[in-house]
file my_file_29.txt (compact mmCIF, C-alpha atoms and all ligand atoms)
# COMPACT_ATOMS: atom_id res chain seq x y z
CA MET A 10 25.53 15.57 37.20
CA ILE A 11 26.18 14.09 33.76
CA ALA A 12 23.35 13.45 31.29
CA ALA A 13 23.51 10.82 28.55
CA ALA A 14 21.05 9.67 25.89
CA SER A 15 20.09 6.08 25.02
CA ASP A 16 20.60 6.91 21.31
CA ALA A 17 23.39 9.45 21.12
CA GLY A 18 23.05 9.67 17.34
CA ARG A 19 19.54 11.13 17.54
CA VAL A 20 19.94 13.94 20.06
CA THR A 21 22.51 16.33 21.41
CA ILE A 22 22.64 17.30 25.09
CA SER A 23 23.97 20.71 26.02
CA PRO A 24 25.56 21.15 28.41
CA GLY A 25 26.34 17.50 29.01
CA GLN A 26 26.95 18.12 32.68
CA VAL A 27 25.97 20.63 35.32
CA VAL A 28 27.61 21.30 38.70
CA PHE A 29 25.90 22.28 41.94
CA ASP A 30 27.44 23.41 45.21
CA ALA A 31 26.25 24.46 48.66
CA ASP A 32 25.35 27.95 47.41
CA ASP A 33 23.40 27.16 44.23
CA TRP A 34 22.02 23.71 44.99
CA ASP A 35 18.41 24.96 44.73
CA VAL A 36 18.80 26.93 41.50
CA ALA A 37 17.58 24.90 38.52
CA GLN A 38 19.99 24.66 35.59
CA ASP A 39 18.80 24.13 32.03
CA VAL A 40 20.01 21.21 29.95
CA ALA A 41 18.87 21.43 26.31
CA ILE A 42 17.99 18.24 24.41
CA SER A 43 17.99 18.82 20.64
CA ALA A 44 17.25 16.45 17.76
CA VAL A 45 20.03 15.73 15.27
CA ASP A 46 18.68 16.71 11.83
CA THR A 47 19.30 13.71 9.58
CA VAL A 48 18.29 13.29 5.93
CA VAL A 49 17.10 9.74 6.61
CA ASP A 50 13.41 8.79 6.77
CA ASP A 51 14.01 7.01 10.06
CA GLY A 52 10.68 7.60 11.80
CA ASP A 53 9.87 9.09 15.16
CA VAL A 54 11.81 7.55 18.04
CA THR A 55 11.79 7.90 21.81
CA VAL A 56 15.21 8.57 23.31
CA THR A 57 15.75 8.05 27.01
CA VAL A 58 17.98 10.58 28.75
CA THR A 59 19.74 9.20 31.82
CA HIS A 60 21.88 10.84 34.47
CA THR A 61 25.02 10.01 36.37
CA VAL A 62 25.79 11.77 39.67
CA ILE A 63 29.28 12.15 41.11
CA SER A 64 30.14 13.96 44.36
CA ASP A 65 32.72 13.86 47.12
CA ASP A 66 29.71 14.14 49.42
CA GLU A 67 28.86 10.48 50.08
CA ARG A 68 25.20 11.41 50.61
CA PHE A 69 25.03 12.05 46.89
CA GLY A 70 26.59 8.73 46.07
CA GLY A 71 30.30 9.34 46.29
CA SER A 72 32.86 9.93 43.60
CA ASP A 73 32.36 6.61 41.81
CA GLY A 74 29.12 7.75 40.22
CA ASP A 75 27.04 4.77 41.33
CA GLY A 76 24.93 6.49 43.93
CA ARG A 77 22.03 8.90 43.73
CA THR A 78 20.56 9.56 40.36
CA ALA A 79 17.71 11.44 38.75
CA ALA A 80 14.82 9.65 37.07
CA PRO A 81 15.33 8.96 33.35
CA VAL A 82 13.45 11.27 30.98
CA ASP A 83 11.92 10.08 27.71
CA VAL A 84 12.18 12.55 24.83
CA LEU A 85 10.31 12.01 21.54
CA VAL A 86 12.38 12.83 18.45
CA VAL A 87 10.04 13.72 15.57
CA ASN A 88 11.38 12.81 12.12
CA ASP A 89 10.87 15.31 9.27
CA ASP A 90 12.14 13.27 6.35
CA VAL A 91 9.97 11.41 3.81
CA ALA A 92 11.40 8.79 1.49
CA GLY A 93 10.27 9.51 -2.04
CA ILE A 94 11.29 10.32 -5.59
CA SER A 95 11.32 13.76 -7.16
CA ALA A 96 11.21 14.23 -10.94
CA VAL A 97 11.11 17.81 -12.16
CA VAL A 98 12.13 19.62 -15.32
CA GLU A 99 15.71 20.77 -14.88
CA ALA A 100 16.22 24.52 -14.52
CA GLY A 101 17.05 25.99 -17.91
CA SER A 102 15.68 23.01 -19.79
CA PRO A 103 13.17 23.64 -22.58
CA LEU A 104 9.64 22.90 -21.37
CA SER A 105 8.77 21.22 -24.66
CA THR A 106 10.38 18.75 -26.98
CA ASP A 107 10.02 18.81 -30.73
CA GLU A 108 10.45 16.51 -33.65
CA ASN A 109 13.76 18.09 -34.59
CA GLY A 110 15.59 16.77 -31.55
CA ALA A 111 14.91 19.36 -28.84
CA THR A 112 14.90 17.63 -25.48
CA VAL A 113 13.31 18.15 -22.11
CA VAL A 114 15.67 17.27 -19.29
CA LEU A 115 14.27 15.88 -16.05
CA ASP A 116 16.17 15.91 -12.79
CA VAL A 117 15.34 12.72 -10.93
CA VAL A 118 16.48 12.41 -7.34
CA LEU A 119 15.52 10.64 -4.15
CA THR A 120 14.23 12.77 -1.27
CA ALA A 121 15.90 10.54 1.33
CA PRO A 122 18.62 7.89 1.11
CA PRO A 123 17.74 4.20 0.95
CA ALA A 124 19.02 1.83 3.61
CA ALA A 125 22.72 1.08 3.36
CA GLY A 126 23.29 -1.57 0.72
CA ASP A 127 19.88 -1.04 -0.92
CA VAL A 128 19.31 0.69 -4.26
CA VAL A 129 16.16 2.23 -5.72
CA LEU A 130 15.30 1.30 -9.31
CA VAL A 131 13.43 4.07 -11.15
CA THR A 132 11.91 3.24 -14.51
CA VAL A 133 11.15 6.20 -16.77
CA THR A 134 8.75 5.73 -19.66
CA SER A 135 6.61 7.86 -21.94
CA THR A 136 2.87 7.25 -22.20
CA ASP A 137 3.25 7.52 -25.97
CA GLU A 138 6.53 6.20 -27.24
CA THR A 139 5.51 7.16 -30.79
CA GLU A 140 5.56 10.83 -29.77
CA ALA A 141 8.18 11.04 -27.02
CA THR A 142 10.93 8.63 -26.12
CA VAL A 143 13.11 8.43 -23.07
CA ASN A 144 16.57 8.25 -24.56
CA ALA A 145 18.45 7.45 -21.39
CA ALA A 146 18.35 3.86 -20.25
CA ASP A 147 14.72 3.04 -19.56
CA SER A 148 15.67 2.10 -16.05
CA PHE A 149 18.49 3.30 -13.89
CA LEU A 150 19.60 2.93 -10.36
CA CYS A 151 18.90 6.18 -8.56
CA VAL A 152 21.44 6.64 -5.81
CA GLY A 153 21.82 10.38 -6.24
CA ALA A 154 20.81 13.09 -8.69
CA ALA A 155 20.23 11.64 -12.14
CA LEU A 156 19.33 13.22 -15.44
CA VAL A 157 16.82 11.86 -17.93
CA ARG A 158 16.37 13.33 -21.39
CA VAL A 159 12.99 13.13 -23.10
CA MET A 160 13.15 13.50 -26.84
CA GLY A 161 10.41 14.12 -29.36
CA VAL A 162 9.90 11.61 -32.15
CA CA A 201 15.72 15.83 8.58
CA CA A 202 15.26 11.87 9.93
call {"tool": "encode", "arguments": {"input": "my_file_29.txt", "output": "structure tokens", "more": "lines below"}}
Ligand SMILES: [Ca+2]
Ligand SMILES: [Ca+2]
result
Amino acid sequence: MIAAASDAGRVTISPGQVVFDADDWDVAQDVAISAVDTVVDDGDVTVTVTHTVISDDERFGGSDGDGRTAAPVDVLVVNDDVAGISAVVEAGSPLSTDENGATVVLDVVLTAPPAAGDVVLVTVTSTDETEATVNAADSFLCVGAALVRVMGV
């Protein structure tokens, strides 16, 4: 018997096939269905696992695989990714800026990739530009880790 999933990119099936004969036909064999761990916030999805049966015994459908089959099984794949933006002080960066040019460096990064072809525009501003300025471009396209330096005025 060969198992296949409706969305092969979301789950793995191991083993993909199991074999029974006249001696072990009544011994259940385990087939493990496991989620593929993506980094994409792609939501929960139901994957249908189907089966193909091939046997020289015509009562099981014959060797062309179009005969007996097992009922499809729906498996829910639970997503664990959340699209968002992280901005934290970079390790090793000073925690304060001063009026002599010391800078605080922020690491800005997305927590999940945007859809292919899309970009995420992150605008970084200070609540008091007279006291602290963002000396990188005020806006930048965040498609990976990015650094922003905050400088005292
Ligand atoms: Ca994941
Ligand atoms: Ca995911």
call {"tool": "residues_near_ligand", "arguments": {"input": "my_file_29.txt", "ligand": "ligand CA 201 (chain A)", "cutoff": "9 Å", "atoms": "all atoms listed in the file", "output": "list in words"}}
result
Val45, Asp46, Thr47, Val48, Val49, Asp50, Asn88, Asp89, Asp90, Val91 and Ala121 of chain A
call {"tool": "closest_residue", "arguments": {"input": "my_file_29.txt", "among": "A:Val87, A:Val97, A:Ile42, A:Ile63", "to": "ligand CA 202 (chain A)", "atoms": "all atoms listed in the file"}}
result
A:Val87
call {"tool": "closest_residue", "arguments": {"input": "my_file_29.txt", "among": "A:Gly126, A:Gly52, A:Val131, A:Ser95", "to": "ligand CA 202 (chain A)", "atoms": "all atoms listed in the file"}}
result
A:Gly52
call {"tool": "residues_near_point", "arguments": {"input": "my_file_29.txt", "point": "(22.7, 9.5, 14.6)", "cutoff": "12 Å", "atoms": "only C-alpha atoms", "output": "list in words"}}
result
Ala14, Ser15, Asp16, Ala17, Gly18, Arg19, Val20, Thr21, Ala44, Val45, Asp46, Thr47, Val48, Val49, Asp51, Val54, Val56 and Val86 of chain A
call {"tool": "closest_residue", "arguments": {"input": "my_file_29.txt", "among": "A:Val128, A:Ala92, A:Val117, A:Leu104", "to": "ligand CA 202 (chain A)", "atoms": "all atoms listed in the file"}}
result
A:Ala92
call {"tool": "residues_around", "arguments": {"input": "my_file_29.txt", "residues": "Val98 of chain A", "least_positions_apart": "4", "cutoff": "9 Å", "atoms": "only C-alpha atoms", "output": "CSV table (one decimal) with C-alpha atoms, in the frame of the given file"}}
result
chain,number,residue,atom,x,y,z
A,102,SER,CA,15.7,23.0,-19.8
A,103,PRO,CA,13.2,23.6,-22.6
A,104,LEU,CA,9.6,22.9,-21.4
A,113,VAL,CA,13.3,18.2,-22.1
A,114,VAL,CA,15.7,17.3,-19.3
A,115,LEU,CA,14.3,15.9,-16.0
A,116,ASP,CA,16.2,15.9,-12.8
A,117,VAL,CA,15.3,12.7,-10.9
call {"tool": "atom_distance", "arguments": {"input": "my_file_29.txt", "atom1": "atom CA of Val58 of chain A", "atom2": "atom CA of ligand CA 202 (chain A)"}}
result
19.1 Å
call {"tool": "atom_distance", "arguments": {"input": "my_file_29.txt", "atom1": "atom CA of Phe69 of chain A", "atom2": "atom CA of Asp30 of chain A"}}
result
11.7 Å
call {"tool": "closest_residue", "arguments": {"input": "my_file_29.txt", "among": "A:Ala37, A:Val133, A:Pro122, A:Val62", "to": "ligand CA 202 (chain A)", "atoms": "only C-alpha atoms and all ligand atoms"}}
result
A:Pro122
